[in-house]
>>> print(open('my_file_14.cif').read())   # mmCIF, N, CA and C atoms
data_model
#
loop_
_atom_site.label_atom_id
_atom_site.label_comp_id
_atom_site.auth_asym_id
_atom_site.auth_seq_id
_atom_site.Cartn_x
_atom_site.Cartn_y
_atom_site.Cartn_z
N MET A 1 -122.40 83.04 50.34
CA MET A 1 -121.82 84.29 49.87
C MET A 1 -120.68 84.66 50.82
N PRO A 2 -119.51 84.90 50.30
CA PRO A 2 -118.38 85.23 51.17
C PRO A 2 -118.50 86.65 51.72
N VAL A 3 -117.67 86.94 52.70
CA VAL A 3 -117.59 88.29 53.23
C VAL A 3 -117.13 89.21 52.11
N LEU A 4 -117.82 90.33 51.95
CA LEU A 4 -117.38 91.31 50.96
C LEU A 4 -116.14 91.99 51.50
N PRO A 5 -115.13 92.20 50.67
CA PRO A 5 -113.88 92.79 51.16
C PRO A 5 -114.09 94.21 51.67
N TRP A 6 -113.21 94.63 52.56
CA TRP A 6 -113.23 95.99 53.09
C TRP A 6 -113.12 96.97 51.93
N ALA A 7 -114.02 97.93 51.90
CA ALA A 7 -114.00 98.98 50.88
C ALA A 7 -113.72 100.31 51.56
N THR A 8 -112.94 101.12 50.94
CA THR A 8 -112.55 102.41 51.50
C THR A 8 -113.58 103.47 51.16
N GLY A 9 -113.93 104.28 52.15
CA GLY A 9 -114.84 105.39 51.96
C GLY A 9 -114.10 106.66 51.61
N SER A 10 -114.78 107.78 51.71
CA SER A 10 -114.21 109.06 51.29
C SER A 10 -113.36 109.74 52.35
N HIS A 11 -113.52 109.37 53.62
CA HIS A 11 -112.79 110.03 54.70
C HIS A 11 -111.43 109.38 54.91
N ARG A 12 -110.40 110.19 54.92
CA ARG A 12 -109.04 109.72 55.20
C ARG A 12 -108.66 110.19 56.59
N PRO A 13 -108.66 109.30 57.58
CA PRO A 13 -108.40 109.73 58.95
C PRO A 13 -106.95 110.15 59.17
N ALA A 14 -106.79 111.11 60.06
CA ALA A 14 -105.47 111.55 60.44
C ALA A 14 -104.93 110.64 61.54
N ALA A 15 -103.62 110.57 61.64
CA ALA A 15 -103.00 109.79 62.71
C ALA A 15 -103.53 110.29 64.05
N GLY A 16 -103.86 109.36 64.92
CA GLY A 16 -104.34 109.71 66.24
C GLY A 16 -105.83 109.99 66.32
N GLU A 17 -106.52 110.03 65.18
CA GLU A 17 -107.96 110.28 65.18
C GLU A 17 -108.69 109.08 65.79
N THR A 18 -109.71 109.34 66.58
CA THR A 18 -110.56 108.28 67.12
C THR A 18 -111.75 108.12 66.20
N LEU A 19 -111.91 106.92 65.67
CA LEU A 19 -112.98 106.64 64.72
C LEU A 19 -114.17 105.99 65.42
N HIS A 20 -115.35 106.30 64.93
CA HIS A 20 -116.58 105.68 65.41
C HIS A 20 -116.81 104.41 64.57
N VAL A 21 -117.01 103.29 65.23
CA VAL A 21 -117.22 102.00 64.55
C VAL A 21 -118.62 101.50 64.88
N LEU A 22 -119.32 101.04 63.86
CA LEU A 22 -120.63 100.43 64.08
C LEU A 22 -120.60 99.01 63.52
N THR A 23 -120.98 98.07 64.39
CA THR A 23 -121.14 96.68 64.00
C THR A 23 -122.62 96.36 64.14
N SER A 24 -123.21 95.74 63.11
CA SER A 24 -124.63 95.43 63.20
C SER A 24 -124.91 93.99 62.79
N ARG A 25 -125.98 93.48 63.35
CA ARG A 25 -126.51 92.16 63.00
C ARG A 25 -127.95 92.38 62.57
N LEU A 26 -128.26 92.01 61.32
CA LEU A 26 -129.57 92.26 60.75
C LEU A 26 -130.20 90.94 60.31
N PRO A 27 -131.03 90.34 61.17
CA PRO A 27 -131.68 89.08 60.81
C PRO A 27 -132.96 89.34 60.02
N LEU A 28 -133.09 88.74 58.86
CA LEU A 28 -134.31 88.87 58.08
C LEU A 28 -135.36 87.90 58.60
N ASN A 29 -136.62 88.26 58.45
CA ASN A 29 -137.70 87.40 58.92
C ASN A 29 -137.93 86.20 58.01
N ARG A 30 -137.73 86.40 56.69
CA ARG A 30 -138.03 85.32 55.73
C ARG A 30 -136.90 85.19 54.71
N TYR A 31 -136.68 83.98 54.25
CA TYR A 31 -135.70 83.75 53.19
C TYR A 31 -136.06 84.51 51.92
N SER A 32 -137.34 84.67 51.68
CA SER A 32 -137.78 85.37 50.46
C SER A 32 -137.39 86.85 50.45
N ASP A 33 -136.97 87.39 51.61
CA ASP A 33 -136.53 88.79 51.67
C ASP A 33 -135.05 88.97 51.32
N ILE A 34 -134.31 87.87 51.18
CA ILE A 34 -132.88 87.97 50.89
C ILE A 34 -132.60 88.69 49.57
N PRO A 35 -133.25 88.34 48.46
CA PRO A 35 -132.94 89.07 47.21
C PRO A 35 -133.20 90.57 47.33
N ARG A 36 -134.27 90.95 47.99
CA ARG A 36 -134.60 92.36 48.17
C ARG A 36 -133.48 93.06 48.96
N PHE A 37 -133.04 92.42 50.05
CA PHE A 37 -131.99 93.00 50.88
C PHE A 37 -130.68 93.10 50.10
N LEU A 38 -130.36 92.09 49.30
CA LEU A 38 -129.13 92.13 48.51
C LEU A 38 -129.16 93.26 47.48
N ARG A 39 -130.31 93.50 46.87
CA ARG A 39 -130.42 94.63 45.93
C ARG A 39 -130.17 95.95 46.65
N TRP A 40 -130.75 96.10 47.83
CA TRP A 40 -130.50 97.32 48.61
C TRP A 40 -129.02 97.44 48.97
N THR A 41 -128.41 96.32 49.31
CA THR A 41 -126.99 96.32 49.69
C THR A 41 -126.12 96.89 48.58
N LEU A 42 -126.36 96.47 47.36
CA LEU A 42 -125.58 96.99 46.24
C LEU A 42 -125.73 98.50 46.09
N ARG A 43 -126.94 98.98 46.26
CA ARG A 43 -127.18 100.42 46.13
C ARG A 43 -126.58 101.20 47.31
N ILE A 44 -126.66 100.64 48.48
CA ILE A 44 -126.14 101.32 49.67
C ILE A 44 -124.62 101.36 49.64
N ARG A 45 -123.98 100.35 49.10
CA ARG A 45 -122.51 100.38 48.99
C ARG A 45 -122.05 101.59 48.19
N GLU A 46 -122.78 101.96 47.16
CA GLU A 46 -122.44 103.15 46.39
C GLU A 46 -122.59 104.41 47.25
N GLN A 47 -123.67 104.47 48.03
CA GLN A 47 -123.85 105.62 48.93
C GLN A 47 -122.72 105.67 49.96
N LEU A 48 -122.36 104.53 50.52
CA LEU A 48 -121.28 104.47 51.50
C LEU A 48 -119.96 104.99 50.92
N ARG A 49 -119.67 104.59 49.71
CA ARG A 49 -118.40 104.98 49.07
C ARG A 49 -118.23 106.49 49.05
N GLN A 50 -119.33 107.21 48.91
CA GLN A 50 -119.29 108.67 48.77
C GLN A 50 -119.70 109.42 50.04
N ALA A 51 -120.14 108.71 51.06
CA ALA A 51 -120.69 109.36 52.26
C ALA A 51 -119.62 110.16 53.00
N PRO A 52 -119.92 111.41 53.32
CA PRO A 52 -118.98 112.21 54.12
C PRO A 52 -118.73 111.52 55.45
N GLY A 53 -117.46 111.41 55.82
CA GLY A 53 -117.09 110.82 57.09
C GLY A 53 -116.91 109.32 57.09
N CYS A 54 -117.25 108.64 56.00
CA CYS A 54 -117.11 107.18 55.95
C CYS A 54 -115.66 106.81 55.67
N VAL A 55 -115.07 106.05 56.59
CA VAL A 55 -113.69 105.58 56.43
C VAL A 55 -113.67 104.28 55.62
N GLY A 56 -114.62 103.38 55.91
CA GLY A 56 -114.67 102.12 55.19
C GLY A 56 -115.78 101.24 55.71
N TYR A 57 -116.01 100.12 55.00
CA TYR A 57 -117.15 99.27 55.31
C TYR A 57 -116.98 97.90 54.69
N THR A 58 -117.71 96.93 55.27
CA THR A 58 -117.72 95.57 54.76
C THR A 58 -119.03 94.90 55.19
N LEU A 59 -119.33 93.77 54.58
CA LEU A 59 -120.57 93.04 54.86
C LEU A 59 -120.29 91.55 54.89
N ASP A 60 -120.90 90.89 55.84
CA ASP A 60 -120.84 89.42 55.93
C ASP A 60 -122.27 88.91 55.78
N ALA A 61 -122.57 88.30 54.65
CA ALA A 61 -123.92 87.79 54.37
C ALA A 61 -123.97 86.32 54.76
N ARG A 62 -124.72 86.02 55.78
CA ARG A 62 -124.88 84.65 56.26
C ARG A 62 -126.23 84.14 55.76
N LEU A 63 -126.23 83.78 54.49
CA LEU A 63 -127.49 83.45 53.82
C LEU A 63 -128.24 82.27 54.43
N PRO A 64 -127.56 81.17 54.81
CA PRO A 64 -128.31 80.07 55.42
C PRO A 64 -129.05 80.49 56.69
N ARG A 65 -128.54 81.52 57.36
CA ARG A 65 -129.17 82.01 58.59
C ARG A 65 -130.05 83.24 58.32
N LYS A 66 -130.12 83.65 57.05
CA LYS A 66 -130.83 84.85 56.62
C LYS A 66 -130.48 86.06 57.48
N THR A 67 -129.18 86.18 57.75
CA THR A 67 -128.66 87.24 58.61
C THR A 67 -127.50 87.93 57.91
N PHE A 68 -127.47 89.25 58.06
CA PHE A 68 -126.40 90.07 57.49
C PHE A 68 -125.70 90.81 58.62
N LEU A 69 -124.38 90.80 58.57
CA LEU A 69 -123.57 91.55 59.53
C LEU A 69 -122.90 92.69 58.77
N THR A 70 -122.92 93.87 59.36
CA THR A 70 -122.24 95.00 58.74
C THR A 70 -121.18 95.52 59.69
N LEU A 71 -120.16 96.11 59.13
CA LEU A 71 -119.05 96.67 59.89
C LEU A 71 -118.58 97.91 59.15
N SER A 72 -118.61 99.05 59.84
CA SER A 72 -118.19 100.30 59.19
C SER A 72 -117.47 101.19 60.18
N ALA A 73 -116.60 102.05 59.65
CA ALA A 73 -115.86 103.02 60.45
C ALA A 73 -116.15 104.41 59.92
N TRP A 74 -116.28 105.36 60.84
CA TRP A 74 -116.70 106.72 60.52
C TRP A 74 -115.82 107.73 61.24
N SER A 75 -115.78 108.94 60.70
CA SER A 75 -115.04 110.01 61.36
C SER A 75 -115.62 110.30 62.74
N ASP A 76 -116.93 110.19 62.86
CA ASP A 76 -117.61 110.39 64.15
C ASP A 76 -119.04 109.86 64.05
N GLU A 77 -119.70 109.83 65.19
CA GLU A 77 -121.07 109.28 65.23
C GLU A 77 -122.03 110.14 64.40
N ALA A 78 -121.83 111.45 64.39
CA ALA A 78 -122.73 112.34 63.64
C ALA A 78 -122.70 112.02 62.15
N ALA A 79 -121.53 111.72 61.60
CA ALA A 79 -121.42 111.37 60.17
C ALA A 79 -122.16 110.07 59.89
N MET A 80 -122.02 109.11 60.80
CA MET A 80 -122.71 107.83 60.63
C MET A 80 -124.23 108.03 60.69
N GLU A 81 -124.70 108.81 61.65
CA GLU A 81 -126.14 109.07 61.80
C GLU A 81 -126.69 109.80 60.57
N ALA A 82 -125.94 110.74 60.03
CA ALA A 82 -126.39 111.46 58.84
C ALA A 82 -126.55 110.50 57.67
N PHE A 83 -125.62 109.57 57.52
CA PHE A 83 -125.71 108.56 56.47
C PHE A 83 -126.96 107.70 56.64
N VAL A 84 -127.19 107.21 57.85
CA VAL A 84 -128.31 106.31 58.14
C VAL A 84 -129.64 106.95 57.75
N ARG A 85 -129.76 108.26 57.96
CA ARG A 85 -131.03 108.94 57.76
C ARG A 85 -131.16 109.63 56.41
N SER A 86 -130.27 109.30 55.47
CA SER A 86 -130.30 109.99 54.18
C SER A 86 -130.27 109.02 53.00
N GLY A 87 -130.62 109.55 51.85
CA GLY A 87 -130.44 108.86 50.58
C GLY A 87 -130.99 107.45 50.53
N THR A 88 -130.25 106.59 49.87
CA THR A 88 -130.65 105.21 49.64
C THR A 88 -130.86 104.45 50.95
N HIS A 89 -130.02 104.70 51.94
CA HIS A 89 -130.16 103.99 53.20
C HIS A 89 -131.50 104.30 53.85
N ALA A 90 -131.92 105.56 53.83
CA ALA A 90 -133.22 105.93 54.40
C ALA A 90 -134.37 105.24 53.64
N LEU A 91 -134.25 105.17 52.32
CA LEU A 91 -135.26 104.48 51.51
C LEU A 91 -135.32 102.99 51.86
N MET A 92 -134.14 102.39 52.07
CA MET A 92 -134.08 100.98 52.43
C MET A 92 -134.76 100.73 53.78
N LEU A 93 -134.53 101.61 54.75
CA LEU A 93 -135.15 101.44 56.07
C LEU A 93 -136.67 101.39 55.95
N ALA A 94 -137.22 102.28 55.13
CA ALA A 94 -138.67 102.30 54.94
C ALA A 94 -139.15 101.04 54.23
N ASP A 95 -138.44 100.64 53.18
CA ASP A 95 -138.85 99.48 52.39
C ASP A 95 -138.73 98.17 53.16
N MET A 96 -137.71 98.06 54.00
CA MET A 96 -137.47 96.81 54.72
C MET A 96 -138.18 96.75 56.07
N ALA A 97 -138.90 97.80 56.44
CA ALA A 97 -139.64 97.79 57.71
C ALA A 97 -140.55 96.57 57.75
N GLY A 98 -140.48 95.85 58.85
CA GLY A 98 -141.28 94.64 59.01
C GLY A 98 -140.65 93.40 58.41
N ARG A 99 -139.56 93.56 57.70
CA ARG A 99 -138.87 92.42 57.07
C ARG A 99 -137.63 92.00 57.85
N VAL A 100 -137.23 92.83 58.80
CA VAL A 100 -136.04 92.56 59.61
C VAL A 100 -136.50 92.24 61.02
N GLY A 101 -135.93 91.16 61.58
CA GLY A 101 -136.24 90.80 62.96
C GLY A 101 -135.61 91.81 63.91
N THR A 102 -135.22 91.35 65.07
CA THR A 102 -134.61 92.22 66.07
C THR A 102 -133.14 92.43 65.73
N PRO A 103 -132.77 93.64 65.29
CA PRO A 103 -131.38 93.89 64.93
C PRO A 103 -130.53 94.08 66.17
N GLY A 104 -129.23 93.94 65.99
CA GLY A 104 -128.28 94.21 67.07
C GLY A 104 -127.26 95.21 66.58
N PHE A 105 -126.98 96.20 67.40
CA PHE A 105 -126.00 97.24 67.04
C PHE A 105 -125.02 97.40 68.18
N VAL A 106 -123.74 97.48 67.83
CA VAL A 106 -122.70 97.72 68.82
C VAL A 106 -121.81 98.83 68.30
N ALA A 107 -121.71 99.90 69.09
CA ALA A 107 -120.81 101.00 68.75
C ALA A 107 -119.50 100.82 69.53
N SER A 108 -118.41 101.17 68.87
CA SER A 108 -117.10 101.09 69.52
C SER A 108 -116.20 102.12 68.84
N THR A 109 -114.94 102.11 69.18
CA THR A 109 -113.99 103.04 68.56
C THR A 109 -112.80 102.27 68.01
N ALA A 110 -112.08 102.93 67.13
CA ALA A 110 -110.87 102.35 66.54
C ALA A 110 -109.93 103.49 66.19
N SER A 111 -108.71 103.14 65.96
CA SER A 111 -107.73 104.12 65.49
C SER A 111 -107.49 103.87 64.00
N PRO A 112 -106.98 104.84 63.28
CA PRO A 112 -106.70 104.64 61.86
C PRO A 112 -105.77 103.45 61.59
N GLU A 113 -104.91 103.15 62.55
CA GLU A 113 -103.98 102.03 62.38
C GLU A 113 -104.70 100.68 62.37
N GLN A 114 -105.92 100.63 62.87
CA GLN A 114 -106.69 99.39 62.93
C GLN A 114 -107.52 99.14 61.67
N ILE A 115 -107.43 100.03 60.70
CA ILE A 115 -108.17 99.91 59.45
C ILE A 115 -107.34 99.09 58.47
N PRO A 116 -107.88 98.11 57.77
CA PRO A 116 -109.27 97.68 57.79
C PRO A 116 -109.61 96.96 59.09
N LEU A 117 -110.85 97.09 59.52
CA LEU A 117 -111.30 96.50 60.77
C LEU A 117 -111.37 94.97 60.67
N SER A 118 -111.25 94.34 61.81
CA SER A 118 -111.23 92.88 61.90
C SER A 118 -112.63 92.32 62.11
N TRP A 119 -113.03 91.37 61.26
CA TRP A 119 -114.31 90.70 61.45
C TRP A 119 -114.30 89.86 62.72
N ALA A 120 -113.17 89.29 63.08
CA ALA A 120 -113.11 88.48 64.31
C ALA A 120 -113.46 89.35 65.52
N ASP A 121 -112.90 90.56 65.58
CA ASP A 121 -113.21 91.48 66.68
C ASP A 121 -114.68 91.90 66.64
N ALA A 122 -115.19 92.16 65.46
CA ALA A 122 -116.58 92.60 65.31
C ALA A 122 -117.54 91.51 65.78
N ARG A 123 -117.30 90.28 65.40
CA ARG A 123 -118.17 89.18 65.81
C ARG A 123 -118.14 88.99 67.33
N GLU A 124 -116.96 89.19 67.90
CA GLU A 124 -116.82 89.08 69.36
C GLU A 124 -117.65 90.17 70.05
N ARG A 125 -117.62 91.40 69.52
CA ARG A 125 -118.42 92.49 70.10
C ARG A 125 -119.92 92.15 70.03
N LEU A 126 -120.36 91.62 68.90
CA LEU A 126 -121.77 91.24 68.77
C LEU A 126 -122.15 90.12 69.73
N ALA A 127 -121.26 89.17 69.92
CA ALA A 127 -121.54 88.03 70.81
C ALA A 127 -121.67 88.49 72.26
N ARG A 128 -120.92 89.51 72.66
CA ARG A 128 -120.98 90.01 74.04
C ARG A 128 -122.22 90.84 74.29
N ARG A 129 -122.83 91.29 73.25
CA ARG A 129 -124.00 92.19 73.34
C ARG A 129 -125.14 91.55 74.06
#
>>> encode(input="my_file_14.cif", output="structure tokens")
Amino acid sequence: MPVLPWATGSHRPAAGETLHVLTSRLPLNRYSDIPRFLRWTLRIREQLRQAPGCVGYTLDARLPRKTFLTLSAWSDEAAMEAFVRSGTHALMLADMAGRVGTPGFVASTASPEQIPLSWADARERLARR
């Protein structure tokens, strides 16, 4: 499955705004959990599109490794945290509990001029973690 293209969220950053960026690595425990995770992904993309403070997002599904990488930009950390704990994403966290191995999360910042974010930079941040 190829990298899903960068999708724009509802927040339009102003010039000079510092954006909160979250890069994640989500390894699944079993191959049989991939279809379940992909179904959640489709539903969460809709939530992301409308989430207050979301600048944009993308996903890299590494199916042979049963690992998913996410990359998103937000107006601030509070907007990202509100998204994580609400709606479809919150339901997914409960449903996928025990199905995801040890995740990796890296927070960083970006400027509006860096949007869409670079997967090469994101992978480098995860590798340094």
>>> atom_distance(input="my_file_14.cif", atom1="atom N of Ala78 (chain A)", atom2="atom N of Ala61 (chain A)")
25.1 Å
>>> closest_atom_pairs(input="my_file_14.cif", of="region 32-89 of chain A", to="region 113-122 of chain A", cutoff="12 Å", atoms="only C-alpha atoms", output="Markdown table")
| residue | atom | partner | partner_atom | distance |
| --- | --- | --- | --- | --- |
| A:Val55 | CA | A:Ile115 | CA | 8.5 |
| A:Gly56 | CA | A:Pro116 | CA | 7.5 |
| A:Tyr57 | CA | A:Pro116 | CA | 8.4 |
| A:Thr58 | CA | A:Leu117 | CA | 8.8 |
| A:Leu59 | CA | A:Trp119 | CA | 9.4 |
| A:Asp60 | CA | A:Trp119 | CA | 8.6 |
| A:Leu69 | CA | A:Ala122 | CA | 9.1 |
| A:Thr70 | CA | A:Ala122 | CA | 9.0 |
| A:Leu71 | CA | A:Ala122 | CA | 7.2 |
| A:Ser72 | CA | A:Leu117 | CA | 8.0 |
| A:Ala73 | CA | A:Leu117 | CA | 8.0 |
| A:Trp74 | CA | A:Ile115 | CA | 11.0 |
>>> closest_residue(input="my_file_14.cif", among="A:Cys54, A:Ile44, A:Phe68, A:Phe37", to="Met96 (chain A)", atoms="only N, CA and C atoms")
A:Phe37
>>> closest_residue(input="my_file_14.cif", among="A:Ala51, A:Leu26, A:Ala15, A:Leu126", to="Arg85 (chain A)", atoms="only C-alpha atoms")
A:Ala51
>>> select_by_dssp(input="my_file_14.cif", residues="chain A", states="strand (DSSP E or B)", output="JSON, numbers by chain")
{"A": [4, 5, 6, 7, 8, 19, 20, 21, 22, 23, 24, 25, 26, 27, 28, 54, 55, 56, 57, 58, 59, 60, 61, 62, 67, 68, 69, 70, 71, 72, 73, 74, 100, 104, 105, 106, 107, 108, 109, 110]}
>>> atom_distance(input="my_file_14.cif", atom1="atom C of Leu38 (chain A)", atom2="atom N of His11 (chain A)")
23.3 Å
>>> atom_distance(input="my_file_14.cif", atom1="atom C of Ala7 (chain A)", atom2="atom C of Val84 (chain A)")
18.3 Å
>>> closest_residue(input="my_file_14.cif", among="A:Ala79, A:Gly101, A:Trp40, A:Pro13", to="Pro27 (chain A)", atoms="all atoms listed in the file")
A:Gly101
>>> closest_residue(input="my_file_14.cif", among="A:Thr102, A:Thr88, A:Asn29, A:Ser108", to="Lys66 (chain A)", atoms="only N, CA and C atoms")
A:Asn29
>>> select_by_dssp(input="my_file_14.cif", residues="region 4-124 of chain A", states="helix (DSSP H, G or I)", output="number ranges by chain")
A: 31-50, 63-65, 77-84, 87-96, 112-114, 119-124
>>> resolve_selection(input="my_file_14.cif", expression="the PyMOL selection byres ((chain A and resi 20) around 8)", output="tab-separated table (two decimals) with N, CA and C atoms, keeping the file's coordinate frame")
chain	number	residue	atom	x	y	z
A	17	GLU	N	-106.52	110.03	65.18
A	17	GLU	CA	-107.96	110.28	65.18
A	17	GLU	C	-108.69	109.08	65.79
A	18	THR	N	-109.71	109.34	66.58
A	18	THR	CA	-110.56	108.28	67.12
A	18	THR	C	-111.75	108.12	66.20
A	19	LEU	N	-111.91	106.92	65.67
A	19	LEU	CA	-112.98	106.64	64.72
A	19	LEU	C	-114.17	105.99	65.42
A	21	VAL	N	-117.01	103.29	65.23
A	21	VAL	CA	-117.22	102.00	64.55
A	21	VAL	C	-118.62	101.50	64.88
A	22	LEU	N	-119.32	101.04	63.86
A	22	LEU	CA	-120.63	100.43	64.08
A	22	LEU	C	-120.60	99.01	63.52
A	23	THR	N	-120.98	98.07	64.39
A	23	THR	CA	-121.14	96.68	64.00
A	23	THR	C	-122.62	96.36	64.14
A	72	SER	N	-118.61	99.05	59.84
A	72	SER	CA	-118.19	100.30	59.19
A	72	SER	C	-117.47	101.19	60.18
A	73	ALA	N	-116.60	102.05	59.65
A	73	ALA	CA	-115.86	103.02	60.45
A	73	ALA	C	-116.15	104.41	59.92
A	74	TRP	N	-116.28	105.36	60.84
A	74	TRP	CA	-116.70	106.72	60.52
A	74	TRP	C	-115.82	107.73	61.24
A	75	SER	N	-115.78	108.94	60.70
A	75	SER	CA	-115.04	110.01	61.36
A	75	SER	C	-115.62	110.30	62.74
A	76	ASP	N	-116.93	110.19	62.86
A	76	ASP	CA	-117.61	110.39	64.15
A	76	ASP	C	-119.04	109.86	64.05
A	77	GLU	N	-119.70	109.83	65.19
A	77	GLU	CA	-121.07	109.28	65.23
A	77	GLU	C	-122.03	110.14	64.40
A	78	ALA	N	-121.83	111.45	64.39
A	78	ALA	CA	-122.73	112.34	63.64
A	78	ALA	C	-122.70	112.02	62.15
A	80	MET	N	-122.02	109.11	60.80
A	80	MET	CA	-122.71	107.83	60.63
A	80	MET	C	-124.23	108.03	60.69
A	107	ALA	N	-121.71	99.90	69.09
A	107	ALA	CA	-120.81	101.00	68.75
A	107	ALA	C	-119.50	100.82	69.53
A	108	SER	N	-118.41	101.17	68.87
A	108	SER	CA	-117.10	101.09	69.52
A	108	SER	C	-116.20	102.12	68.84
A	109	THR	N	-114.94	102.11	69.18
A	109	THR	CA	-113.99	103.04	68.56
A	109	THR	C	-112.80	102.27	68.01
A	110	ALA	N	-112.08	102.93	67.13
A	110	ALA	CA	-110.87	102.35	66.54
A	110	ALA	C	-109.93	103.49	66.19
A	111	SER	N	-108.71	103.14	65.96
A	111	SER	CA	-107.73	104.12	65.49
A	111	SER	C	-107.49	103.87	64.00
>>> build_atoms(input="my_file_14.cif", residues="region 52-68 of chain A", atoms="N, CA, C and O atoms", output="mmCIF file, in the coordinates of the input")
data_model
loop_
_atom_site.group_PDB
_atom_site.id
_atom_site.type_symbol
_atom_site.label_atom_id
_atom_site.label_comp_id
_atom_site.auth_asym_id
_atom_site.auth_seq_id
_atom_site.Cartn_x
_atom_site.Cartn_y
_atom_site.Cartn_z
ATOM 1 N N PRO A 52 -119.920 111.410 53.320
ATOM 2 C CA PRO A 52 -118.980 112.210 54.120
ATOM 3 C C PRO A 52 -118.730 111.520 55.450
ATOM 4 O O PRO A 52 -119.654 111.062 56.126
ATOM 5 N N GLY A 53 -117.460 111.410 55.820
ATOM 6 C CA GLY A 53 -117.090 110.820 57.090
ATOM 7 C C GLY A 53 -116.910 109.320 57.090
ATOM 8 O O GLY A 53 -116.436 108.747 58.070
ATOM 9 N N CYS A 54 -117.250 108.640 56.000
ATOM 10 C CA CYS A 54 -117.110 107.180 55.950
ATOM 11 C C CYS A 54 -115.660 106.810 55.670
ATOM 12 O O CYS A 54 -115.086 107.188 54.661
ATOM 13 N N VAL A 55 -115.070 106.050 56.590
ATOM 14 C CA VAL A 55 -113.690 105.580 56.430
ATOM 15 C C VAL A 55 -113.670 104.280 55.620
ATOM 16 O O VAL A 55 -112.827 104.095 54.754
ATOM 17 N N GLY A 56 -114.620 103.380 55.910
ATOM 18 C CA GLY A 56 -114.670 102.120 55.190
ATOM 19 C C GLY A 56 -115.780 101.240 55.710
ATOM 20 O O GLY A 56 -116.392 101.528 56.747
ATOM 21 N N TYR A 57 -116.010 100.120 55.000
ATOM 22 C CA TYR A 57 -117.150 99.270 55.310
ATOM 23 C C TYR A 57 -116.980 97.900 54.690
ATOM 24 O O TYR A 57 -116.237 97.706 53.725
ATOM 25 N N THR A 58 -117.710 96.930 55.270
ATOM 26 C CA THR A 58 -117.720 95.570 54.760
ATOM 27 C C THR A 58 -119.030 94.900 55.190
ATOM 28 O O THR A 58 -119.724 95.405 56.069
ATOM 29 N N LEU A 59 -119.330 93.770 54.580
ATOM 30 C CA LEU A 59 -120.570 93.040 54.860
ATOM 31 C C LEU A 59 -120.290 91.550 54.890
ATOM 32 O O LEU A 59 -119.522 91.041 54.068
ATOM 33 N N ASP A 60 -120.900 90.890 55.840
ATOM 34 C CA ASP A 60 -120.840 89.420 55.930
ATOM 35 C C ASP A 60 -122.270 88.910 55.780
ATOM 36 O O ASP A 60 -123.105 89.119 56.655
ATOM 37 N N ALA A 61 -122.570 88.300 54.650
ATOM 38 C CA ALA A 61 -123.920 87.790 54.370
ATOM 39 C C ALA A 61 -123.970 86.320 54.760
ATOM 40 O O ALA A 61 -123.330 85.481 54.137
ATOM 41 N N ARG A 62 -124.720 86.020 55.780
ATOM 42 C CA ARG A 62 -124.880 84.650 56.260
ATOM 43 C C ARG A 62 -126.230 84.140 55.760
ATOM 44 O O ARG A 62 -127.214 84.111 56.494
ATOM 45 N N LEU A 63 -126.230 83.780 54.490
ATOM 46 C CA LEU A 63 -127.490 83.450 53.820
ATOM 47 C C LEU A 63 -128.240 82.270 54.430
ATOM 48 O O LEU A 63 -129.457 82.339 54.568
ATOM 49 N N PRO A 64 -127.560 81.170 54.810
ATOM 50 C CA PRO A 64 -128.310 80.070 55.420
ATOM 51 C C PRO A 64 -129.050 80.490 56.690
ATOM 52 O O PRO A 64 -130.071 79.918 57.038
ATOM 53 N N ARG A 65 -128.540 81.520 57.360
ATOM 54 C CA ARG A 65 -129.170 82.010 58.590
ATOM 55 C C ARG A 65 -130.050 83.240 58.320
ATOM 56 O O ARG A 65 -130.570 83.831 59.249
ATOM 57 N N LYS A 66 -130.120 83.650 57.050
ATOM 58 C CA LYS A 66 -130.830 84.850 56.620
ATOM 59 C C LYS A 66 -130.480 86.060 57.480
ATOM 60 O O LYS A 66 -131.311 86.867 57.870
ATOM 61 N N THR A 67 -129.180 86.180 57.750
ATOM 62 C CA THR A 67 -128.660 87.240 58.610
ATOM 63 C C THR A 67 -127.500 87.930 57.910
ATOM 64 O O THR A 67 -126.660 87.299 57.279
ATOM 65 N N PHE A 68 -127.470 89.250 58.060
ATOM 66 C CA PHE A 68 -126.400 90.070 57.490
ATOM 67 C C PHE A 68 -125.700 90.810 58.620
ATOM 68 O O PHE A 68 -126.348 91.351 59.509
#
